[in-house]
>>> print(open('work.txt').read())   # compact mmCIF, C-alpha atoms
# COMPACT_ATOMS: atom_id res chain seq x y z
CA MET O 1 -5.66 -3.51 -15.28
CA ASN O 2 -4.31 -5.49 -18.23
CA TYR O 3 -4.41 -2.40 -20.42
CA TYR O 4 -1.26 -1.01 -18.75
CA PRO O 5 2.21 -2.39 -19.47
CA GLU O 6 3.95 -4.42 -16.78
CA SER O 7 6.32 -1.66 -15.64
CA ILE O 8 3.43 0.76 -14.98
CA LEU O 9 1.53 -1.95 -13.05
CA LYS O 10 4.63 -2.58 -10.92
CA LEU O 11 4.97 1.08 -9.97
CA ILE O 12 1.22 1.36 -9.25
CA LYS O 13 1.54 -1.63 -6.93
CA SER O 14 4.56 -0.33 -5.06
CA LEU O 15 3.09 3.20 -4.70
CA SER O 16 -0.11 1.63 -3.30
CA THR O 17 1.89 0.42 -0.29
CA LEU O 18 2.29 4.04 0.87
CA PRO O 19 -0.15 5.33 3.52
CA GLY O 20 -3.20 7.15 2.16
CA ILE O 21 -2.38 6.16 -1.44
CA GLY O 22 -5.07 3.89 -2.90
CA ARG O 23 -5.02 2.20 -6.29
CA LYS O 24 -6.59 5.17 -8.09
CA THR O 25 -4.17 7.72 -6.66
CA ALA O 26 -1.24 5.37 -7.35
CA GLU O 27 -2.41 5.11 -10.98
CA ARG O 28 -2.54 8.91 -11.26
CA LEU O 29 0.91 9.29 -9.69
CA ALA O 30 2.44 6.61 -11.94
CA LEU O 31 1.04 8.28 -15.08
CA HIS O 32 2.29 11.66 -13.83
CA ILE O 33 5.78 10.23 -13.28
CA LEU O 34 5.62 8.66 -16.75
CA HIS O 35 5.01 12.04 -18.35
CA ALA O 36 7.24 14.07 -16.01
CA PRO O 37 10.75 15.07 -17.14
CA LEU O 38 13.32 12.31 -16.57
CA HIS O 39 15.32 14.34 -14.03
CA GLU O 40 12.25 14.80 -11.80
CA ALA O 41 11.54 11.06 -11.73
CA GLN O 42 15.21 10.31 -11.10
CA ALA O 43 15.24 12.87 -8.26
CA ILE O 44 12.39 11.08 -6.48
CA ALA O 45 14.07 7.68 -6.88
CA SER O 46 17.50 8.87 -5.75
CA ASP O 47 16.07 10.88 -2.82
CA ILE O 48 14.30 7.73 -1.57
CA LEU O 49 17.52 5.73 -1.72
CA GLU O 50 19.58 8.54 -0.15
CA LEU O 51 17.08 8.86 2.69
CA LYS O 52 17.34 5.15 3.49
CA GLN O 53 21.14 5.25 3.35
CA LYS O 54 21.88 8.45 5.22
CA VAL O 55 19.31 8.99 7.95
CA THR O 56 20.39 7.70 11.35
CA LEU O 57 19.68 8.85 14.89
CA CYS O 58 21.42 11.72 16.65
CA SER O 59 23.82 10.23 19.20
CA GLN O 60 22.68 12.72 21.86
CA CYS O 61 18.90 13.17 21.55
CA PHE O 62 18.02 10.29 19.15
CA ALA O 63 16.23 12.59 16.69
CA LEU O 64 16.46 11.75 12.97
CA SER O 65 19.75 13.02 11.61
CA ASP O 66 22.16 12.82 8.65
CA THR O 67 25.12 13.49 10.91
CA GLU O 68 26.29 12.36 14.35
CA HIS O 69 24.56 15.29 16.05
CA CYS O 70 21.22 16.53 14.72
CA ARG O 71 20.57 20.14 13.66
CA ILE O 72 19.10 21.01 17.05
CA CYS O 73 21.83 19.40 19.17
CA SER O 74 24.51 21.09 17.09
CA ASN O 75 22.83 24.52 17.43
CA VAL O 76 24.77 26.31 20.17
CA ASN O 77 22.24 29.15 20.36
CA ARG O 78 19.68 26.93 22.10
CA ASP O 79 19.27 26.69 25.86
CA GLY O 80 21.33 23.70 27.00
CA SER O 81 19.83 23.68 30.49
CA ILE O 82 16.38 22.39 29.44
CA ILE O 83 15.58 18.95 28.05
CA CYS O 84 12.15 18.22 26.56
CA VAL O 85 11.29 14.50 26.59
CA VAL O 86 9.07 13.27 23.72
CA GLU O 87 8.03 9.85 22.43
CA ASN O 88 8.74 10.24 18.71
CA PRO O 89 10.51 12.49 16.17
CA THR O 90 7.09 13.65 14.90
CA ASP O 91 6.23 14.93 18.42
CA MET O 92 9.48 16.89 18.35
CA ALA O 93 8.52 18.29 14.93
CA ALA O 94 5.13 19.41 16.33
CA ILE O 95 6.80 21.27 19.22
CA GLU O 96 9.38 22.85 16.90
CA LYS O 97 6.61 24.06 14.58
CA SER O 98 4.98 25.84 17.53
CA GLY O 99 8.21 27.73 18.22
CA ALA O 100 7.44 27.53 21.96
CA PHE O 101 10.62 25.74 23.03
CA ASN O 102 14.27 26.64 22.65
CA GLY O 103 16.10 23.89 24.56
CA TYR O 104 17.23 20.42 23.54
CA TYR O 105 15.17 17.27 23.12
CA HIS O 106 15.32 13.65 24.16
CA ILE O 107 13.40 11.20 21.97
CA LEU O 108 12.40 8.06 23.84
CA GLY O 109 11.37 6.09 20.76
CA GLY O 110 8.05 5.06 22.31
CA ALA O 111 6.25 4.88 25.66
CA LEU O 112 6.14 2.29 28.43
CA SER O 113 3.51 -0.31 27.59
CA PRO O 114 3.74 -3.53 29.63
CA MET O 115 0.86 -5.02 27.57
CA ASP O 116 3.03 -4.78 24.45
CA GLY O 117 6.17 -5.90 26.27
CA ILE O 118 7.72 -2.42 26.27
CA GLY O 119 9.45 -1.88 29.60
CA PRO O 120 12.02 0.74 30.73
CA ASP O 121 14.83 -1.05 28.87
CA GLU O 122 13.01 -0.98 25.53
CA ILE O 123 12.89 2.84 25.29
CA ARG O 124 15.78 5.29 25.77
CA LEU O 125 15.31 6.00 29.47
CA LYS O 126 18.82 5.03 30.58
CA GLU O 127 20.25 7.58 28.16
CA LEU O 128 17.78 10.22 29.43
CA PHE O 129 18.73 9.67 33.07
CA ALA O 130 22.42 9.86 32.14
CA ARG O 131 21.79 13.21 30.43
CA VAL O 132 19.73 14.51 33.35
CA CYS O 133 22.60 13.68 35.71
CA GLY O 134 25.01 15.65 33.54
CA LYS O 135 25.88 19.15 34.72
CA GLY O 136 23.99 22.31 33.83
CA ILE O 137 20.52 20.74 33.46
CA ARG O 138 17.92 22.92 35.22
CA GLU O 139 14.66 21.55 33.89
CA VAL O 140 13.21 18.42 32.31
CA ILE O 141 9.89 18.99 30.51
CA ILE O 142 8.02 15.73 30.02
CA ALA O 143 6.03 15.98 26.77
CA THR O 144 4.97 12.37 26.29
CA ALA O 145 1.43 11.80 24.93
CA THR O 146 -1.60 12.30 27.18
CA ASP O 147 -2.86 8.74 26.65
CA VAL O 148 -2.51 5.96 29.25
CA GLU O 149 0.97 4.87 28.12
CA GLY O 150 2.26 8.43 27.81
CA GLU O 151 0.95 9.37 31.26
CA ALA O 152 2.47 6.24 32.84
CA THR O 153 5.78 6.98 31.15
CA ALA O 154 5.68 10.57 32.42
CA SER O 155 5.06 9.39 36.01
CA TYR O 156 7.85 6.83 35.76
CA ILE O 157 10.33 9.41 34.47
CA ALA O 158 9.35 11.99 37.14
CA ASP O 159 9.62 9.42 39.96
CA THR O 160 12.98 8.09 38.78
CA ILE O 161 14.49 11.56 38.30
CA ARG O 162 13.21 12.59 41.74
CA THR O 163 15.07 9.60 43.24
CA ILE O 164 18.25 10.49 41.37
CA THR O 165 18.15 14.21 42.12
CA ASP O 166 17.44 13.65 45.82
CA ASN O 167 20.68 11.76 45.91
CA ILE O 168 22.82 13.88 43.66
CA LYS O 169 21.51 17.37 42.99
CA LYS O 170 19.76 18.70 46.08
CA LYS O 171 16.77 20.17 44.27
CA CYS O 172 18.59 22.25 41.67
CA LEU O 173 16.47 20.53 38.98
CA ILE O 174 12.78 21.01 38.06
CA VAL O 175 10.70 18.25 36.46
CA SER O 176 7.61 19.57 34.65
CA ARG O 177 4.79 18.19 32.51
CA ILE O 178 3.18 20.01 29.56
CA ALA O 179 -0.30 21.36 30.41
CA SER O 180 -3.50 19.47 29.57
CA GLY O 181 -6.76 21.31 28.96
CA ILE O 182 -9.18 22.66 26.37
CA PRO O 183 -7.54 22.95 22.92
CA MET O 184 -7.44 26.56 21.65
CA GLY O 185 -10.46 27.35 19.50
CA GLY O 186 -12.21 24.38 21.12
CA ASP O 187 -15.90 24.40 22.00
CA LEU O 188 -16.46 23.35 25.63
CA GLN O 189 -19.52 21.25 24.83
CA TYR O 190 -17.46 18.83 22.73
CA VAL O 191 -14.65 18.37 25.25
CA ASP O 192 -14.44 14.93 26.90
CA GLN O 193 -14.77 14.53 30.69
CA VAL O 194 -11.13 13.74 31.45
CA THR O 195 -9.87 16.76 29.51
CA MET O 196 -12.43 18.96 31.30
CA GLN O 197 -11.29 17.64 34.69
CA ARG O 198 -7.68 18.42 33.76
CA ALA O 199 -8.65 21.89 32.56
CA MET O 200 -10.40 22.62 35.89
CA GLU O 201 -7.57 21.17 37.97
CA GLY O 202 -4.97 23.09 35.98
CA ARG O 203 -6.77 26.47 36.18
CA HIS O 204 -4.61 29.50 36.85
CA GLY O 205 -4.99 33.13 37.95
CA PHE O 206 -6.33 35.47 35.23
CA MET C 207 11.37 22.59 8.72
CA ASN C 208 14.90 22.79 10.10
CA TYR C 209 14.16 20.01 12.56
CA TYR C 210 14.45 17.39 9.78
CA PRO C 211 17.78 16.31 8.33
CA GLU C 212 18.68 17.39 4.80
CA SER C 213 17.94 14.04 3.13
CA ILE C 214 14.38 13.95 4.53
CA LEU C 215 13.80 17.55 3.41
CA LYS C 216 15.00 16.65 -0.09
CA LEU C 217 12.58 13.74 -0.38
CA ILE C 218 9.71 15.85 1.01
CA LYS C 219 10.46 18.46 -1.65
CA SER C 220 10.60 15.99 -4.53
CA LEU C 221 7.45 14.14 -3.42
CA SER C 222 5.64 17.51 -3.23
CA THR C 223 6.05 17.87 -7.00
CA LEU C 224 3.57 14.99 -7.50
CA PRO C 225 -0.08 15.89 -8.21
CA GLY C 226 -2.35 15.98 -5.15
CA ILE C 227 0.60 15.62 -2.77
CA GLY C 228 1.02 18.70 -0.58
CA ARG C 229 3.79 19.38 1.93
CA LYS C 230 2.00 17.62 4.81
CA THR C 231 1.28 14.46 2.81
CA ALA C 232 4.83 14.48 1.44
CA GLU C 233 6.15 14.68 5.03
CA ARG C 234 3.98 11.70 6.05
CA LEU C 235 5.09 9.69 3.01
CA ALA C 236 8.78 10.49 3.61
CA LEU C 237 8.55 9.40 7.26
CA HIS C 238 6.72 6.23 6.20
CA ILE C 239 9.44 5.43 3.67
CA LEU C 240 12.06 6.11 6.35
CA HIS C 241 10.52 3.50 8.63
CA ALA C 242 9.52 1.03 5.90
CA PRO C 243 11.71 -2.03 5.20
CA LEU C 244 14.64 -1.23 2.90
CA HIS C 245 13.40 -3.55 0.12
CA GLU C 246 10.05 -1.69 -0.07
CA ALA C 247 11.75 1.69 -0.47
CA GLN C 248 14.16 0.25 -3.04
CA ALA C 249 11.21 -1.26 -4.94
CA ILE C 250 9.56 2.15 -5.29
CA ALA C 251 12.81 3.78 -6.46
CA SER C 252 13.67 1.04 -8.96
CA ASP C 253 10.08 0.84 -10.27
CA ILE C 254 10.18 4.59 -10.99
CA LEU C 255 13.43 4.26 -12.93
CA GLU C 256 12.26 1.12 -14.77
CA LEU C 257 9.05 2.88 -15.80
CA LYS C 258 10.97 5.78 -17.29
CA GLN C 259 13.35 3.45 -19.12
CA LYS C 260 10.96 0.85 -20.46
CA VAL C 261 7.64 2.43 -21.31
CA THR C 262 7.31 3.46 -24.94
CA LEU C 263 4.35 3.64 -27.30
CA CYS C 264 2.82 0.69 -29.14
CA SER C 265 3.86 0.94 -32.80
CA GLN C 266 0.32 0.15 -33.96
CA CYS C 267 -2.14 1.94 -31.64
CA PHE C 268 0.26 4.28 -29.72
CA ALA C 269 -0.91 3.04 -26.31
CA LEU C 270 1.63 2.85 -23.49
CA SER C 271 3.66 -0.32 -23.83
CA ASP C 272 6.80 -2.13 -22.66
CA THR C 273 7.08 -3.95 -25.97
CA GLU C 274 6.68 -3.10 -29.66
CA HIS C 275 3.01 -4.09 -29.62
CA CYS C 276 0.90 -3.37 -26.53
CA ARG C 277 -1.07 -6.03 -24.64
CA ILE C 278 -4.25 -5.20 -26.53
CA CYS C 279 -2.73 -5.11 -30.03
CA SER C 280 -0.98 -8.45 -29.37
CA ASN C 281 -4.20 -10.07 -28.15
CA VAL C 282 -5.48 -12.12 -31.12
CA ASN C 283 -8.81 -12.83 -29.40
CA ARG C 284 -10.01 -9.27 -29.93
CA ASP C 285 -12.08 -8.10 -32.88
CA GLY C 286 -9.65 -6.74 -35.47
CA SER C 287 -12.39 -5.18 -37.59
CA ILE C 288 -13.22 -2.35 -35.15
CA ILE C 289 -10.98 0.58 -34.22
CA CYS C 290 -11.89 2.86 -31.32
CA VAL C 291 -10.26 6.31 -31.58
CA VAL C 292 -9.44 8.03 -28.27
CA GLU C 293 -7.41 11.08 -27.29
CA ASN C 294 -5.25 9.67 -24.49
CA PRO C 295 -4.14 6.38 -22.90
CA THR C 296 -6.27 7.21 -19.83
CA ASP C 297 -9.38 7.37 -22.06
CA MET C 298 -8.48 3.91 -23.34
CA ALA C 299 -8.12 2.72 -19.74
CA ALA C 300 -11.61 4.07 -18.93
CA ILE C 301 -13.18 2.18 -21.86
CA GLU C 302 -11.28 -1.02 -20.97
CA LYS C 303 -12.50 -0.79 -17.36
CA SER C 304 -16.10 -0.69 -18.64
CA GLY C 305 -15.55 -3.94 -20.56
CA ALA C 306 -17.86 -2.62 -23.29
CA PHE C 307 -15.40 -2.84 -26.17
CA ASN C 308 -13.46 -5.76 -27.62
CA GLY C 309 -11.72 -4.30 -30.66
CA TYR C 310 -8.45 -2.41 -31.07
CA TYR C 311 -7.67 1.19 -30.21
CA HIS C 312 -6.01 4.16 -31.84
CA ILE C 313 -4.62 6.79 -29.47
CA LEU C 314 -4.36 10.22 -31.09
CA GLY C 315 -2.25 11.80 -28.37
CA GLY C 316 -4.52 14.84 -28.10
CA ALA C 317 -7.28 16.66 -29.97
CA LEU C 318 -7.28 19.28 -32.70
CA SER C 319 -6.95 22.73 -31.13
CA PRO C 320 -6.00 25.52 -33.54
CA MET C 321 -5.84 27.98 -30.60
CA ASP C 322 -2.99 25.92 -29.09
CA GLY C 323 -1.36 25.32 -32.46
CA ILE C 324 -2.42 21.68 -32.63
CA GLY C 325 -3.40 20.86 -36.21
CA PRO C 326 -3.92 17.51 -37.99
CA ASP C 327 -0.15 16.94 -38.24
CA GLU C 328 0.41 17.31 -34.50
CA ILE C 329 -1.77 14.33 -33.54
CA ARG C 330 -1.66 10.79 -34.98
CA LEU C 331 -4.31 11.22 -37.67
CA LYS C 332 -2.13 10.14 -40.63
CA GLU C 333 -1.48 6.83 -38.87
CA LEU C 334 -5.21 6.44 -38.15
CA PHE C 335 -6.21 7.01 -41.76
CA ALA C 336 -3.54 4.53 -42.90
CA ARG C 337 -5.01 1.90 -40.53
CA VAL C 338 -8.56 2.66 -41.64
CA CYS C 339 -7.54 2.08 -45.25
CA GLY C 340 -6.08 -1.30 -44.32
CA LYS C 341 -8.20 -4.34 -45.13
CA GLY C 342 -10.76 -5.89 -42.79
CA ILE C 343 -11.79 -2.68 -40.96
CA ARG C 344 -15.60 -2.57 -40.66
CA GLU C 345 -16.12 0.17 -38.09
CA VAL C 346 -14.35 3.18 -36.61
CA ILE C 347 -15.80 4.33 -33.27
CA ILE C 348 -14.81 7.92 -32.49
CA ALA C 349 -14.50 8.25 -28.71
CA THR C 350 -12.79 11.62 -28.41
CA ALA C 351 -13.93 13.88 -25.55
CA THR C 352 -17.29 15.68 -25.74
CA ASP C 353 -15.69 19.13 -25.30
CA VAL C 354 -15.22 21.60 -28.16
CA GLU C 355 -11.83 20.22 -29.26
CA GLY C 356 -12.98 16.59 -29.01
CA GLU C 357 -16.13 17.28 -31.04
CA ALA C 358 -14.18 19.16 -33.70
CA THR C 359 -11.67 16.31 -33.91
CA ALA C 360 -14.50 13.80 -34.24
CA SER C 361 -16.06 15.77 -37.12
CA TYR C 362 -12.69 16.12 -38.84
CA ILE C 363 -12.01 12.38 -38.60
CA ALA C 364 -15.51 11.43 -39.80
CA ASP C 365 -15.29 13.84 -42.76
CA THR C 366 -11.84 12.71 -43.80
CA ILE C 367 -12.67 8.99 -43.54
CA ARG C 368 -15.86 9.56 -45.54
CA THR C 369 -13.74 11.11 -48.31
CA ILE C 370 -11.32 8.21 -48.27
CA THR C 371 -13.94 5.45 -48.14
CA ASP C 372 -15.98 7.00 -50.97
CA ASN C 373 -12.91 6.58 -53.08
CA ILE C 374 -11.65 3.23 -51.88
CA LYS C 375 -14.17 1.14 -50.01
CA LYS C 376 -17.65 1.72 -51.43
CA LYS C 377 -19.46 1.96 -48.10
CA CYS C 378 -18.17 -1.21 -46.48
CA LEU C 379 -17.06 0.90 -43.47
CA ILE C 380 -19.13 2.51 -40.66
CA VAL C 381 -17.98 5.57 -38.77
CA SER C 382 -19.73 6.00 -35.40
CA ARG C 383 -19.55 8.34 -32.42
CA ILE C 384 -20.09 7.27 -28.78
CA ALA C 385 -23.47 8.39 -27.41
CA SER C 386 -23.91 11.59 -25.37
CA GLY C 387 -26.68 11.89 -22.78
CA ILE C 388 -27.59 11.73 -19.11
CA PRO C 389 -24.94 9.88 -17.05
CA MET C 390 -26.31 6.72 -15.40
CA GLY C 391 -27.52 7.42 -11.87
CA GLY C 392 -27.70 11.10 -12.81
CA ASP C 393 -30.47 13.40 -11.60
CA LEU C 394 -32.10 15.24 -14.52
CA GLN C 395 -32.36 18.53 -12.62
CA TYR C 396 -28.57 18.86 -12.41
CA VAL C 397 -27.88 18.08 -16.07
CA ASP C 398 -26.63 20.98 -18.20
CA GLN C 399 -28.58 22.23 -21.23
CA VAL C 400 -26.27 20.89 -23.94
CA THR C 401 -26.23 17.40 -22.44
CA MET C 402 -30.04 17.49 -22.17
CA GLN C 403 -30.35 18.53 -25.84
CA ARG C 404 -28.07 15.64 -26.81
CA ALA C 405 -30.05 13.22 -24.67
CA MET C 406 -33.31 14.30 -26.36
CA GLU C 407 -31.82 14.22 -29.88
CA GLY C 408 -30.28 10.81 -29.23
CA ARG C 409 -33.48 9.22 -27.84
CA HIS C 410 -34.22 5.70 -28.99
CA GLY C 411 -37.14 3.25 -29.04
CA PHE C 412 -37.95 1.67 -25.66
>>> encode(input="work.txt", output="structure tokens")
Amino acid sequence: MNYYPESILKLIKSLSTLPGIGRKTAERLALHILHAPLHEAQAIASDILELKQKVTLCSQCFALSDTEHCRICSNVNRDGSIICVVENPTDMAAIEKSGAFNGYYHILGGALSPMDGIGPDEIRLKELFARVCGKGIREVIIATATDVEGEATASYIADTIRTITDNIKKKCLIVSRIASGIPMGGDLQYVDQVTMQRAMEGRHGF
Amino acid sequence: MNYYPESILKLIKSLSTLPGIGRKTAERLALHILHAPLHEAQAIASDILELKQKVTLCSQCFALSDTEHCRICSNVNRDGSIICVVENPTDMAAIEKSGAFNGYYHILGGALSPMDGIGPDEIRLKELFARVCGKGIREVIIATATDVEGEATASYIADTIRTITDNIKKKCLIVSRIASGIPMGGDLQYVDQVTMQRAMEGRHGF
């Protein structure tokens, strides 16, 4: 690599730290940036710095945000009576892409995982329960992952809310879980046993 | 995409301008940078700006360089009597990676292409001929591409040098062209006709 000047080698090295970018791709990107117009290169650099400075978490749902309330929480046209609980901002992005949900979110920032030392105080459950106890909430959709940690977190949330609502709300609140089953376009022969069991258990009238 | 704050969207957009980086990859990179330590993100940004500021061309061979003379031209352990002529810095990098050459380079910055308006004055031929006329040069290896423009450029260089050396050097200079033929590990059935003709013409004693 001694045939490149030091400043190119430095950029290749720092670009290689990005996920999915190996040394060859980093080399190609660095040479592209070298030949790109100055304003394009400056835009990338300043956008990186701006991102690190500006992005914080929404004070209500804990989604990524530039402002105190994120775009979704500050959108008054959404249904304020439904909260969808997800683990991470990327899960929220996946649901938003589908267009299947029009309420507000609550991002836990992870799932319960006693093995990794993540208990109820390490994720944003307290804040969720406080929101659920607020007025006007009709439904909480639990959309944590369908792995062991996600399922355990879902059960914990449902149990805790049930305790709270028995005391306070007299059943004016529904707690639901997103459906598990065969992915659309999926071939049944490649589906694992647990998914197949869930698909059979969750069958509905046609 | 309205579920991401403005500063993330801006970075996604500017990263998407890079070659081979689509919207999905740009999104993944932006979220990685968001969660990466601040010093890593700052390193990428500052390395981009430093690259654009510092990298110029070597005053002798026109390779990319931080300094007046590039690493190769300032390496006195290389053979100063051989000049290898290439089109671009990336071609030089490919030859250096092979380790098959220990002389100095001359980067033309392109190939002759009358269709695109690139004549002898648009690439660094004048500088090459000046170097060739300098003392101590025994061989010029022409390693331009093997496409139409590269071949034409190679012929033009060989012809011009032959004119010059007839006048000045009395045959104390060799002009050579890198070999064309079957790539190593290549299967003969997939080789195109022109390459096969070259391989047959260029056959050598075994």
>>> calpha_fit_rmsd(input="work.txt", fixed="chain C", moving="chain O")
0.1 Å
>>> interface_residues(input="work.txt", of="chain C", to="chain O", cutoff="9 Å", atoms="all atoms listed in the file", output="ChimeraX atom specification")
/C:207-214,216-218,220-221,223-226,231,234-241,244,246-258,260-261,269-273,276-278,295-296,298-299,302-303
>>> atom_distance(input="work.txt", atom1="CA of Asn308 in chain C", atom2="CA of Arg344 in chain C")
13.6 Å
>>> residues_around(input="work.txt", residues="Asp121 in chain O", least_positions_apart="5", cutoff="12 Å", atoms="only C-alpha atoms", output="VMD selection string")
chain O and resid 108 to 114 126 to 128
>>> residues_around(input="work.txt", residues="Val346 in chain C", least_positions_apart="3", cutoff="7 Å", atoms="only C-alpha atoms", output="count of residues only")
6
>>> atom_distance(input="work.txt", atom1="CA of His106 in chain O", atom2="CA of Phe62 in chain O")
6.6 Å
>>> atom_distance(input="work.txt", atom1="CA of Ser265 in chain C", atom2="CA of Asn283 in chain C")
19.0 Å
